[in-house]
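Working notes for the structure below.
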Amino acid sequence: MASYVYMTNSAKIGKFLKTIQKAGVPPKLTGKHLKALGFKSVNDLPLVGIMKALGFASSSGEPTESWQSYRHKTQAPIVLAQGIRKHYADLFKMYPDAHLKDNEALHNFFSTHTTVGAGTLKFMIATFKALVGLADFKTETTIVSSESTVDTSDATGAVTTTQQGQAKGGFAVNINIQLALPENATPETFDAFFKSMKKHLLD
């Protein structure tokens with residue numbers, strides 16, 4: 001069975017994420033560091049595990065590149081979405097729009113993929129919803145699916161073009177298109193291809 005992070009007071013997650021953008025980067029995320037930031041309750045300790053699960057900290061607690069990237073306020077929601085998608089990979093495999101699912105759907109998933117009781121399930125769902133409420137999946141999904149490749153198995157010639165754009169938050173979006181053409185391709189074939197590309201990608 002999979003293991004998913006949770007904490008009893010999920011409101012603390014947003015508060016802690018804000019401190020990442022304000023406070024300095026610690027050499028290691030520990031309970032002592034949490035207390036220094038004002039998270040002194042024993043119930044705040046799961047924040048360490050949550051940051052590790054999201055990829056913001058290594059298994060030994062050192063802040064990662066994702067931690068650094070989250071300090072950029074514009075990029076932060078996208079970085080968080082990427083971390084959520086990684087930790088809840090099975091959930092997103094079942095529901096590609098898992099971040100939009102209601103409590104019932106989430107309860108059905110977590111109850112069949114974990115062995116925890118009803119009380120813990122509520123905390124698990126609340127933790128997930130607290131996280132997705134702070135993330136930008138719309139832009140994150142655009143970045144993930146921005147590369148597209150088209151190929152044919154009986155081709156000998158190839159035409160390749162790249163479309164570059166700028167996504168929200170300063171991320172570069174690259175779309176690579178590869179079209180394989182038969183040996184007897186005519187100039188009209190090329191013209192039709194570029195006309196279609198202009199219609200669907202450049203307009």
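Going by the structure tokens order, chains are called A, B, ..., each with residues numbered from 1, while ligands are numbered from 1 in the order shown.
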Closest atom pairs, range 9-53 of chain A residues within 10 Å of range 108-130 of chain A, only C-alpha atoms, as CSV:
residue,atom,partner,partner_atom,distance
A:Asn9,CA,A:Phe123,CA,7.9
A:Ser10,CA,A:Thr127,CA,5.2
A:Ala11,CA,A:Ala130,CA,7.0
A:Lys12,CA,A:Ala130,CA,9.2
A:Ile13,CA,A:Ala130,CA,7.2
A:Gly14,CA,A:Ala130,CA,7.5
A:Ile50,CA,A:Thr127,CA,9.4
Could you pull out the helix (DSSP H, G or I) residues of range 59-98 of chain A from DSSP and send them as a list of chain:residue names?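 Residues meeting the helix (DSSP H, G or I) criterion: A:Glu65, A:Ser66, A:Trp67, A:Gln68, A:Ser69, A:Tyr70, A:Ala76, A:Pro77, A:Ile78, A:Val79, A:Leu80, A:Ala81, A:Gln82, A:Gly83, A:Ile84, A:Arg85, A:Lys86, A:His87, A:Ala89, A:Asp90, A:Leu91, A:Phe92, A:Lys93, A:Met94, A:Ala98.
Closest approach to Gly31 in chain A among A:Gly61, A:Ala2, A:Leu54, A:Asn103: A:Gly61, based on only C-alpha atoms.
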Find the residues around Gln82 in chain A up to 10 Å (only C-alpha atoms counted), leave out those fewer than 4 positions away in its own chain, and share them as a PyMOL selection string. chain A and resi 54-55+66+76-78+86-87+135-137+140-141+144
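Residues in contact range of Ser60 in chain A, defined as at most 10 Å between only C-alpha atoms, with sequence neighbours fewer than 6 positions away removed, read Lys28, Leu29, Thr30 and Lys52 of chain A.
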Just-selected residues, C-alpha atoms written as a CSV table (one decimal), in the first residue's frame:
chain,number,residue,atom,x,y,z
A,28,LYS,CA,18.6,21.2,6.7
A,29,LEU,CA,14.9,21.1,7.4
A,30,THR,CA,14.4,19.8,11.0
A,52,LYS,CA,10.2,15.8,1.5
Neighbour list for Asp44 in chain A as a ChimeraX atom specification, cut-off 8 Å, only C-alpha atoms, skip fewer than 2 positions in-chain: /A:7,9,12,34,39-42,46-47
Serialized selection, C-alpha atoms, as a CSV table (one decimal), in the first residue's frame:
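Okay, this is what ended up in selection_18.csv:
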chain,number,residue,atom,x,y,z
A,7,MET,CA,-1.2,16.6,9.1
A,9,ASN,CA,-4.0,21.1,10.9
A,12,LYS,CA,-0.3,25.3,8.6
A,34,LEU,CA,10.4,24.6,12.4
A,39,PHE,CA,6.0,26.2,14.2
A,40,LYS,CA,6.5,24.9,17.7
A,41,SER,CA,3.7,22.4,18.1
A,42,VAL,CA,4.4,18.7,17.9
A,46,PRO,CA,4.7,16.5,9.7
A,47,LEU,CA,5.6,19.6,7.7
Computed interatomic separation between CA of Leu131 in chain A and CA of Ala36 in chain A (Å):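 Answer for the CA of Leu131 in chain A to CA of Ala36 in chain A separation: 22.9 Å.
Among the candidate residues A:Leu106, A:His99, A:Phe56, A:Gln68, the one lying nearest to Gly83 in chain A is A:Phe56, with distances computed using only C-alpha atoms.
For the choices A:Lys32, A:Met94, A:Gly38, A:Gly49, the atom-to-atom distance to Phe16 in chain A is smallest for A:Gly38 when using only C-alpha atoms.
Of note, CA of Glu62 in chain A and CA of Pro27 in chain A are spaced 6.0 Å apart.
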